[in-house]
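Have a look at target_2.cif; it's mmCIF, C-alpha atoms, pLDDT in the B column; chains and numbers go by the auth columns:
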data_coords
loop_
_atom_site.group_PDB
_atom_site.id
_atom_site.type_symbol
_atom_site.label_atom_id
_atom_site.label_comp_id
_atom_site.label_asym_id
_atom_site.label_seq_id
_atom_site.Cartn_x
_atom_site.Cartn_y
_atom_site.Cartn_z
_atom_site.B_iso_or_equiv
_atom_site.auth_seq_id
_atom_site.auth_asym_id
ATOM 1 C CA MET A 1 -56.301 -55.350 -25.510 55.00 1 A
ATOM 2 C CA GLU A 2 -54.418 -56.053 -28.594 55.00 2 A
ATOM 3 C CA ASN A 3 -56.518 -53.471 -30.402 63.00 3 A
ATOM 4 C CA GLU A 4 -55.832 -50.910 -27.735 63.00 4 A
ATOM 5 C CA ALA A 5 -52.132 -51.491 -28.061 57.00 5 A
ATOM 6 C CA ASP A 6 -52.353 -51.164 -31.822 64.00 6 A
ATOM 7 C CA GLU A 7 -54.332 -47.942 -31.493 66.00 7 A
ATOM 8 C CA ILE A 8 -51.779 -46.463 -29.071 63.00 8 A
ATOM 9 C CA LEU A 9 -48.969 -47.496 -31.384 57.00 9 A
ATOM 10 C CA THR A 10 -50.754 -45.987 -34.363 63.00 10 A
ATOM 11 C CA LYS A 11 -51.376 -42.738 -32.465 61.00 11 A
ATOM 12 C CA ARG A 12 -47.745 -42.548 -31.467 58.00 12 A
ATOM 13 C CA MET A 13 -46.629 -43.128 -35.046 58.00 13 A
ATOM 14 C CA LYS A 14 -48.985 -40.416 -36.287 62.00 14 A
ATOM 15 C CA LEU A 15 -47.699 -38.027 -33.638 59.00 15 A
ATOM 16 C CA GLY A 16 -44.131 -38.895 -34.596 57.00 16 A
ATOM 17 C CA MET A 17 -44.839 -38.208 -38.298 56.00 17 A
ATOM 18 C CA GLU A 18 -46.580 -34.931 -37.484 56.00 18 A
ATOM 19 C CA GLU A 19 -43.573 -33.890 -35.407 52.00 19 A
ATOM 20 C CA LYS A 20 -41.281 -34.761 -38.314 50.00 20 A
ATOM 21 C CA GLU A 21 -43.404 -32.738 -40.716 52.00 21 A
ATOM 22 C CA LEU A 22 -43.400 -29.859 -38.283 48.00 22 A
ATOM 23 C CA ALA A 23 -39.677 -30.217 -37.858 46.00 23 A
ATOM 24 C CA VAL A 24 -39.207 -30.218 -41.636 48.00 24 A
ATOM 25 C CA ARG A 25 -41.359 -27.134 -41.920 49.00 25 A
ATOM 26 C CA ASP A 26 -39.517 -25.535 -39.016 49.00 26 A
ATOM 27 C CA GLY A 27 -36.206 -26.633 -40.534 50.00 27 A
ATOM 28 C CA THR A 28 -37.115 -24.881 -43.758 50.00 28 A
ATOM 29 C CA ALA A 29 -38.235 -21.870 -41.800 46.00 29 A
ATOM 30 C CA LEU A 30 -35.072 -22.000 -39.796 48.00 30 A
ATOM 31 C CA GLU A 31 -33.026 -22.377 -42.948 51.00 31 A
ATOM 32 C CA ILE A 32 -34.670 -19.292 -44.453 51.00 32 A
ATOM 33 C CA VAL A 33 -34.153 -17.359 -41.243 49.00 33 A
ATOM 34 C CA GLY A 34 -30.531 -18.614 -41.213 50.00 34 A
ATOM 35 C CA LYS A 35 -29.965 -17.262 -44.730 52.00 35 A
ATOM 36 C CA GLU A 36 -31.404 -13.900 -43.729 52.00 36 A
ATOM 37 C CA GLU A 37 -29.193 -13.805 -40.655 50.00 37 A
ATOM 38 C CA THR A 38 -26.156 -14.672 -42.818 51.00 38 A
ATOM 39 C CA GLU A 39 -27.009 -11.797 -45.130 51.00 39 A
ATOM 40 C CA THR A 40 -27.334 -9.554 -42.087 50.00 40 A
ATOM 41 C CA ASN A 41 -24.017 -10.886 -40.801 53.00 41 A
ATOM 42 C CA THR A 42 -22.472 -10.136 -44.194 55.00 42 A
ATOM 43 C CA LEU A 43 -23.734 -6.589 -43.955 60.00 43 A
ATOM 44 C CA GLY A 44 -22.619 -6.509 -40.359 66.00 44 A
ATOM 45 C CA SER A 45 -19.300 -7.971 -41.444 86.00 45 A
ATOM 46 C CA GLU A 46 -18.706 -5.032 -43.777 87.00 46 A
ATOM 47 C CA GLU A 47 -19.396 -2.687 -40.904 87.00 47 A
ATOM 48 C CA MET A 48 -17.174 -4.803 -38.659 91.00 48 A
ATOM 49 C CA GLU A 49 -14.436 -4.749 -41.286 91.00 49 A
ATOM 50 C CA LEU A 50 -14.606 -0.951 -41.296 92.00 50 A
ATOM 51 C CA ASN A 51 -14.430 -0.908 -37.507 93.00 51 A
ATOM 52 C CA ILE A 52 -11.530 -3.373 -37.549 93.00 52 A
ATOM 53 C CA ALA A 53 -9.748 -1.321 -40.211 94.00 53 A
ATOM 54 C CA HIS A 54 -10.222 1.774 -38.049 96.00 54 A
ATOM 55 C CA ILE A 55 -8.767 -0.029 -35.024 96.00 55 A
ATOM 56 C CA VAL A 56 -5.843 -1.322 -37.106 96.00 56 A
ATOM 57 C CA GLU A 57 -5.232 2.258 -38.261 97.00 57 A
ATOM 58 C CA LYS A 58 -5.215 3.395 -34.616 96.00 58 A
ATOM 59 C CA ILE A 59 -2.754 0.610 -33.771 97.00 59 A
ATOM 60 C CA GLU A 60 -0.432 1.633 -36.604 96.00 60 A
ATOM 61 C CA HIS A 61 -0.643 5.302 -35.610 97.00 61 A
ATOM 62 C CA PHE A 62 0.056 4.471 -31.952 96.00 62 A
ATOM 63 C CA THR A 63 2.940 2.184 -32.909 96.00 63 A
ATOM 64 C CA GLN A 64 4.440 4.939 -35.065 96.00 64 A
ATOM 65 C CA MET A 65 4.046 7.433 -32.220 96.00 65 A
ATOM 66 C CA VAL A 66 5.719 5.045 -29.750 96.00 66 A
ATOM 67 C CA SER A 67 8.555 4.447 -32.210 95.00 67 A
ATOM 68 C CA GLU A 68 9.089 8.194 -32.644 96.00 68 A
ATOM 69 C CA LEU A 69 9.005 8.706 -28.870 95.00 69 A
ATOM 70 C CA LEU A 70 11.563 5.954 -28.383 96.00 70 A
ATOM 71 C CA GLU A 71 13.870 7.487 -30.971 96.00 71 A
ATOM 72 C CA SER A 72 13.523 10.990 -29.539 96.00 72 A
ATOM 73 C CA GLY A 73 14.014 9.540 -26.039 94.00 73 A
ATOM 74 C CA LYS A 74 17.197 7.784 -27.135 95.00 74 A
ATOM 75 C CA THR A 75 18.487 10.996 -28.691 95.00 75 A
ATOM 76 C CA MET A 76 17.560 12.995 -25.603 94.00 76 A
ATOM 77 C CA PHE A 77 19.250 10.487 -23.290 94.00 77 A
ATOM 78 C CA LYS A 78 22.389 10.510 -25.445 94.00 78 A
ATOM 79 C CA GLU A 79 22.505 14.301 -25.260 94.00 79 A
ATOM 80 C CA MET A 80 21.779 14.261 -21.537 94.00 80 A
ATOM 81 C CA SER A 81 24.397 11.572 -21.036 95.00 81 A
ATOM 82 C CA HIS A 82 26.975 13.665 -22.860 95.00 82 A
ATOM 83 C CA GLU A 83 26.028 16.781 -20.868 95.00 83 A
ATOM 84 C CA PHE A 84 26.079 14.758 -17.623 95.00 84 A
ATOM 85 C CA GLU A 85 29.511 13.389 -18.460 95.00 85 A
ATOM 86 C CA GLU A 86 30.867 16.860 -19.267 96.00 86 A
ATOM 87 C CA ARG A 87 29.386 18.333 -16.090 96.00 87 A
ATOM 88 C CA LEU A 88 30.703 15.485 -13.950 96.00 88 A
ATOM 89 C CA ILE A 89 34.192 15.917 -15.436 97.00 89 A
ATOM 90 C CA MET A 90 33.969 19.673 -14.789 97.00 90 A
ATOM 91 C CA ILE A 91 32.933 19.086 -11.153 97.00 91 A
ATOM 92 C CA HIS A 92 35.813 16.644 -10.718 97.00 92 A
ATOM 93 C CA LYS A 93 38.266 19.128 -12.229 97.00 93 A
ATOM 94 C CA GLU A 94 37.018 21.963 -9.997 97.00 94 A
ATOM 95 C CA LYS A 95 37.261 19.785 -6.869 97.00 95 A
ATOM 96 C CA MET A 96 40.750 18.592 -7.797 97.00 96 A
ATOM 97 C CA GLU A 97 41.920 22.194 -8.345 97.00 97 A
ATOM 98 C CA LYS A 98 40.381 23.237 -5.024 97.00 98 A
ATOM 99 C CA TRP A 99 42.032 20.376 -3.139 97.00 99 A
ATOM 100 C CA GLN A 100 45.358 20.978 -4.881 97.00 100 A
ATOM 101 C CA GLU A 101 45.158 24.609 -3.805 97.00 101 A
ATOM 102 C CA GLU A 102 44.414 23.479 -0.242 97.00 102 A
ATOM 103 C CA ILE A 103 47.464 21.174 -0.404 97.00 103 A
ATOM 104 C CA ARG A 104 49.655 24.091 -1.605 97.00 104 A
ATOM 105 C CA GLU A 105 48.337 26.293 1.201 97.00 105 A
ATOM 106 C CA LEU A 106 48.981 23.535 3.764 96.00 106 A
ATOM 107 C CA ARG A 107 52.535 23.058 2.441 96.00 107 A
ATOM 108 C CA MET A 108 53.171 26.810 2.595 96.00 108 A
ATOM 109 C CA LEU A 109 51.761 26.901 6.129 96.00 109 A
ATOM 110 C CA ASP A 110 53.900 23.909 7.077 96.00 110 A
ATOM 111 C CA ALA A 111 57.000 25.541 5.584 95.00 111 A
ATOM 112 C CA SER A 112 56.215 28.788 7.439 96.00 112 A
ATOM 113 C CA ASN A 113 55.660 26.831 10.673 95.00 113 A
ATOM 114 C CA GLU A 114 58.968 25.010 10.163 96.00 114 A
ATOM 115 C CA GLU A 115 60.754 28.354 9.710 95.00 115 A
ATOM 116 C CA ASP A 116 59.056 29.763 12.799 94.00 116 A
ATOM 117 C CA ASN A 117 59.903 26.582 14.716 95.00 117 A
ATOM 118 C CA ALA A 118 63.561 26.847 13.651 94.00 118 A
ATOM 119 C CA ILE A 119 63.696 30.503 14.778 95.00 119 A
ATOM 120 C CA LEU A 120 62.071 29.624 18.110 94.00 120 A
ATOM 121 C CA HIS A 121 64.449 26.711 18.559 94.00 121 A
ATOM 122 C CA ASN A 122 67.436 28.979 17.943 92.00 122 A
ATOM 123 C CA ALA A 123 66.033 31.604 20.325 91.00 123 A
ATOM 124 C CA ARG A 124 65.504 28.958 23.014 91.00 124 A
ATOM 125 C CA TYR A 125 69.035 27.672 22.507 90.00 125 A
ATOM 126 C CA LEU A 126 70.425 31.200 22.820 88.00 126 A
ATOM 127 C CA LEU A 127 68.359 31.859 25.907 89.00 127 A
ATOM 128 C CA GLN A 128 69.410 28.593 27.549 88.00 128 A
ATOM 129 C CA ASN A 129 73.065 28.904 26.623 83.00 129 A
ATOM 130 C CA PRO A 130 74.070 32.467 27.153 75.00 130 A
ATOM 131 C CA GLN A 131 77.498 33.308 25.848 73.00 131 A
ATOM 132 C CA ILE A 132 79.684 35.813 27.509 60.00 132 A
ATOM 133 C CA ASP A 133 81.121 38.078 24.852 58.00 133 A
ATOM 134 C CA SER A 134 82.512 40.699 27.030 47.00 134 A
#

Produce structure tokens that represent the structure in this file.
Amino acid sequence: MENEADEILTKRMKLGMEEKELAVRDGTALEIVGKEETETNTLGSEEMELNIAHIVEKIEHFTQMVSELLESGKTMFKEMSHEFEERLIMIHKEKMEKWQEEIRELRMLDASNEEDNAILHNARYLLQNPQIDS
């Protein structure tokens, strides 16, 4: 039994060493593959850098366009604000003149009505109080 145990232990040790050798070989193979992939990544990195540079260029162009739009928008709103203010003042002036004219017409009408009322009052007084001038 002791021999069987020793044989099993020896087999396991041999299998362990073979696995290590295989792992070392695979490690070397993996290391070589890793270097090749790094070189590919370096080449890919150059391509990526070009793509990134292109995107950065697009960002800068878009930012410049937005900045120009903001400036032109500010200018446009200032002009529109000035035109709006002038138009609003003009509308106010026209309405005030119209209402002042209506007030003048009402005052003239009131004055005319007062004159007519005074004439009617005098006529009523004369009709109610006839004087004998004979």

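You will find CA of Leu70 in chain A at 18.1 Å from CA of Lys58 in chain A.
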
Take every atom of range 47-61 of chain A listed in the file, pad by 4 Å on each side, and give me the axis-aligned box centre and edge lengths in Å, one decimal, as lines of an AutoDock Vina configuration file.
center_x = -9.9
center_y = 0.2
center_z = -37.5
size_x = 27.0
size_y = 18.1
size_z = 15.5

>> Report, in Å to a single decimal, how far apart CA of His82 in chain A and CA of Lys98 in chain A are.
In response: 24.3 Å

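Computed from the coordinates, the CA of Ala111 in chain A to CA of Leu127 in chain A distance equals 24.1 Å.
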